[in-house]
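Take a look at the structure below.
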Amino acid sequence: MERRISGHTQLYGLIGSPVGHSGSPAMYNYSFEKLGIDAAYLAFEVPLEKTEDAVNALRNLHAGGFNVTMPCKTAVARLVDRLSPAAELVGACNTVVFEEDGTMTGHITDGTGFLRNLKEHGVDIEGKKVVLLGTGGAATAIAVQAALDGVSEIAIFNRKDEFYANGEETVEKIKNAVPGIRKVYIDDLGDTEALKQAVSGSDILINATRAGMSPLEDVLPVPAEFLHKDLAVADVVYNPRETLLLKKAKEAGCRAVVGGIGMLLWQGAAAFELFMGKEMPAQEVMEKFFK
Ligand code: NAD
C-alpha cells in the first residue's frame with residue numbers, strides 16, 4: 001500500500017448506507033493495481049441527509065468519480081449537472097464522473113450490467129419479447145435499458161404492492177422515450193392466467209423482485225410449469241447463487257439460465273470503464289471475488 005499511494009493518487013469512492021459489506025473497494029483497487037493505475041477507491045458511509053455534503057466534498061477534493069448506492073441514488077441524480085439517457089429515465093444514478101471542467105455526469109449501470117451479463121451467456125435482447133417481474137430499483141433500470149437497447153416487447157408483472165405505481169410510471173416513460181417499442185405494459189403478478197400467456201409467448205423471463213433472495217429463498221415468483229425450453233431465464237438475485245427459479249429453469253430445460261452475480265460484476269465493470277476509459281479485468285475480478 002505505501003508503495004501504491006502517492007501524492008498524485010486519484011481518489012474514487014462509494015457513497016451510501018450501509019456500505020461496509022460492499023465488494024466495490026476490493027474490486028476497483030485490485031483492478032487499479034492490475035492495470036498500473038494510480039488511483040484508490042474507498043467506501044464512505046453517507047446517510048441520505050448528508051448526500052449533498054458528501055458530493056460537494058468529493059468535488060472539492062478533486063475525486064475522479066464515485067459510485068452511489070442506496071439510499072442516495074435518487075438524491076444524487078438531482079445534484080449532478082447532466083444525466084445519461086438511461087439515468088434520466090430511471091431518475092437515479094449509481095455512477096458519477098467528474099468531467100475535466102469539474103461538472104458532474106450521472107450514469108446508471110445496473111441495466112447495462114444486467115444486459116452485458118445476459119450477452120456473456122449468449123442471450124441477446126434485441127427484437128425479443130421479455131417478461132420482467134418487478135418494479136423496484138433493479139427492475140426499473142433493466143426495463144429502461146432493455147427498451148433503449150431495442151427489445152421488441154416488455155410485459156412487466158408485479159404484486160399490487162407499494163411498488164406497483166412505480167411500474168405504471170416506468171411504462172409511460174418508456175412509451176414516451178422509446179416510441180418505436182412494439183409493446184410495453186404492466187399487469188398484476190397475481191393474475192396467473194395473464195402471466196401464463198405472457199411467459200408462453202416470450203423469449204426471456206427476468207426476475208427482478210426479491211423473491212428467491214434470502215429470507216425469501218423458498219418463494220418462486222412464477223409457477224414452474226410456465227417455464228419452457230425456448231425461454232432464457234435470468235435472475236437478479238445472487239444470494240443464493242442458484243435461486244429456486246434458476247433450479248426450476250434448469251429442470252425445465254430452458255435454453256439459458258443466468259444468475260445475478262454477473263450483473264453485480266458487469267455493472268461495476270461498466271462504471272470502471274466510465275471512470276477510466278478502459279476495460280476492467282472483469283474475468284479476473286470474477287474469479288477472485290465473485291466465485
Ligand atoms: P426494491 O426494494 O427496489 O424492489 C423490490 C421488488 O421486489 C418490488 O418489485 C417488490 O414488489 C418485489 N417483491 C418483494 N417481495 C416480493 C415477494 N415476496 N414476491 C414477489 N415480489 C416481491 O429492490 P431492488 O433494489 O430492485 O432489488 C431487488 C432484488 O434485486 C434484490 O434481491 C437485490 O439483491 C437484487 N439486486 C441485484 C443486483 C445485482 O447486481 N445482481 C443489483 C441490484 C439489486
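Residue numbering restarts at 1 in every chain; chains get A, B, ... in the order shown in the C-alpha cells, and ligands count up from 1 in that same order.
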
Step by step, measure atom-to-atom distances between ligand 1 and each residue using only C-alpha atoms and all ligand atoms, keep those at most 6 Å, then write them as a list in words.
Gly134, Thr135, Gly136, Gly137, Ala138, Ala139, Asn158, Arg159, Asp161, Phe163, Ala208, Thr209, Arg210, Ala211, Met213, Pro221, Val236, Val237, Tyr238, Gly260, Ile261, Met263 and Leu264 of chain A

Please produce an output containing N, CA, C and O atoms for each residue in the selection, written as a CSV table (one decimal), in the first residue's frame.
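Produced file part17.csv, reproduced below:
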chain,number,residue,atom,x,y,z
A,134,GLY,N,-41.1,-7.5,-11.5
A,134,GLY,CA,-40.6,-6.5,-10.5
A,134,GLY,C,-40.7,-5.0,-11.1
A,134,GLY,O,-40.7,-4.8,-12.3
A,135,THR,N,-40.8,-4.1,-10.1
A,135,THR,CA,-40.9,-2.7,-10.5
A,135,THR,C,-40.2,-1.8,-9.5
A,135,THR,O,-40.4,-0.7,-9.3
A,136,GLY,N,-39.2,-2.5,-8.8
A,136,GLY,CA,-38.3,-1.7,-7.9
A,136,GLY,C,-37.1,-1.1,-8.6
A,136,GLY,O,-37.1,-1.0,-9.8
A,137,GLY,N,-36.1,-0.8,-7.8
A,137,GLY,CA,-34.9,-0.2,-8.4
A,137,GLY,C,-34.2,-1.0,-9.5
A,137,GLY,O,-34.0,-0.4,-10.6
A,138,ALA,N,-33.9,-2.2,-9.3
A,138,ALA,CA,-33.2,-3.0,-10.3
A,138,ALA,C,-34.1,-3.2,-11.5
A,138,ALA,O,-33.7,-3.1,-12.6
A,139,ALA,N,-35.4,-3.5,-11.3
A,139,ALA,CA,-36.3,-3.8,-12.4
A,139,ALA,C,-36.4,-2.6,-13.3
A,139,ALA,O,-36.5,-2.7,-14.5
A,158,ASN,N,-46.0,-7.3,-11.5
A,158,ASN,CA,-45.6,-7.1,-10.1
A,158,ASN,C,-46.8,-7.3,-9.2
A,158,ASN,O,-48.0,-7.2,-9.7
A,159,ARG,N,-46.5,-7.6,-7.9
A,159,ARG,CA,-47.6,-7.6,-7.0
A,159,ARG,C,-48.2,-6.3,-6.9
A,159,ARG,O,-47.6,-5.2,-7.1
A,161,ASP,N,-48.4,-4.1,-4.7
A,161,ASP,CA,-47.9,-3.5,-3.5
A,161,ASP,C,-47.5,-2.1,-3.7
A,161,ASP,O,-47.8,-1.5,-4.8
A,163,PHE,N,-44.9,-0.9,-4.8
A,163,PHE,CA,-44.0,-0.7,-6.0
A,163,PHE,C,-44.8,-0.6,-7.3
A,163,PHE,O,-44.2,-0.3,-8.3
A,208,ALA,N,-36.7,-9.7,-11.3
A,208,ALA,CA,-36.0,-8.6,-10.7
A,208,ALA,C,-36.8,-8.2,-9.4
A,208,ALA,O,-36.9,-7.0,-9.0
A,209,THR,N,-37.4,-9.2,-8.8
A,209,THR,CA,-38.0,-9.0,-7.5
A,209,THR,C,-37.1,-9.6,-6.4
A,209,THR,O,-36.1,-10.2,-6.7
A,210,ARG,N,-37.5,-9.4,-5.1
A,210,ARG,CA,-36.8,-10.0,-4.0
A,210,ARG,C,-37.1,-11.5,-3.9
A,210,ARG,O,-36.4,-12.1,-3.0
A,211,ALA,N,-38.1,-12.0,-4.6
A,211,ALA,CA,-38.4,-13.4,-4.4
A,211,ALA,C,-37.2,-14.3,-4.8
A,211,ALA,O,-36.6,-14.1,-5.8
A,213,MET,N,-34.5,-14.4,-2.9
A,213,MET,CA,-33.4,-13.9,-2.1
A,213,MET,C,-33.6,-14.2,-0.6
A,213,MET,O,-34.8,-14.0,-0.1
A,221,PRO,N,-41.2,-16.9,-8.0
A,221,PRO,CA,-42.0,-15.7,-8.5
A,221,PRO,C,-43.0,-16.1,-9.6
A,221,PRO,O,-43.9,-15.3,-9.9
A,236,VAL,N,-32.0,-11.5,-11.0
A,236,VAL,CA,-31.0,-10.5,-10.5
A,236,VAL,C,-30.5,-10.9,-9.1
A,236,VAL,O,-29.5,-10.4,-8.6
A,237,VAL,N,-31.2,-11.8,-8.4
A,237,VAL,CA,-30.8,-12.3,-7.1
A,237,VAL,C,-29.5,-13.1,-7.2
A,237,VAL,O,-29.4,-13.9,-8.1
A,238,TYR,N,-28.6,-12.8,-6.3
A,238,TYR,CA,-27.3,-13.5,-6.3
A,238,TYR,C,-27.0,-14.2,-5.0
A,238,TYR,O,-25.9,-14.8,-4.8
A,260,GLY,N,-27.6,-13.9,-10.9
A,260,GLY,CA,-27.5,-12.4,-10.7
A,260,GLY,C,-26.1,-11.9,-10.4
A,260,GLY,O,-25.8,-10.7,-10.5
A,261,ILE,N,-25.1,-12.9,-10.1
A,261,ILE,CA,-23.8,-12.4,-9.7
A,261,ILE,C,-23.1,-11.7,-10.8
A,261,ILE,O,-22.4,-10.7,-10.6
A,263,MET,N,-24.4,-9.8,-13.0
A,263,MET,CA,-24.9,-8.4,-13.1
A,263,MET,C,-24.1,-7.5,-12.2
A,263,MET,O,-23.7,-6.3,-12.5
A,264,LEU,N,-23.8,-8.0,-11.0
A,264,LEU,CA,-23.0,-7.2,-10.0
A,264,LEU,C,-21.6,-6.9,-10.6
A,264,LEU,O,-21.1,-5.8,-10.5

Within 7 Å of Thr243 of chain A using only C-alpha atoms, minus same-chain residues under 4 positions, as a PDB file with N, CA, C and O atoms, in the first residue's frame:
ATOM      1  N   GLY A 212     -36.884 -15.199  -3.917  1.00  0.00           N
ATOM      2  CA  GLY A 212     -35.723 -16.057  -4.160  1.00  0.00           C
ATOM      3  C   GLY A 212     -34.514 -15.651  -3.341  1.00  0.00           C
ATOM      4  O   GLY A 212     -33.602 -16.437  -3.119  1.00  0.00           O
ATOM      5  N   GLU A 217     -35.969 -17.326   0.092  1.00  0.00           N
ATOM      6  CA  GLU A 217     -35.363 -18.291  -0.853  1.00  0.00           C
ATOM      7  C   GLU A 217     -36.319 -19.380  -1.310  1.00  0.00           C
ATOM      8  O   GLU A 217     -36.071 -20.010  -2.346  1.00  0.00           O
ATOM      9  N   LYS A 247     -33.099 -23.039 -10.476  1.00  0.00           N
ATOM     10  CA  LYS A 247     -33.123 -24.507 -10.337  1.00  0.00           C
ATOM     11  C   LYS A 247     -34.276 -25.077 -11.170  1.00  0.00           C
ATOM     12  O   LYS A 247     -34.096 -26.024 -11.938  1.00  0.00           O
TER      13      LYS A 247
END

For Ile204 of chain A: contacts at 6 Å, only C-alpha atoms, fewer than 6 positions along chain excluded, given as a ChimeraX atom specification
/A:130,231-233

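Atom CA of Arg241 of chain A lies 26.6 Å from atom CA of Gly13 of chain A.
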
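Of the residues listed (A:Glu126, A:Glu168, A:Asp38, A:Glu153), A:Glu153 shows the shortest atom-to-atom separation from Ala198 of chain A; distances use only C-alpha atoms.
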
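Contact shell of Gly122 of chain A at 10 Å (only C-alpha atoms; same-chain neighbours under 5 positions omitted): Arg116, Asn117, Ala232, Arg255, Ala256 and Val258 of chain A.
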
Using only C-alpha atoms, which residues sit within 12 Å of segment 78-81 of chain A once same-chain residues fewer than 3 positions away are excluded, as a ChimeraX atom specification?
/A:51-56,59,65-66,72-75,84,87-88,90-99,101-107
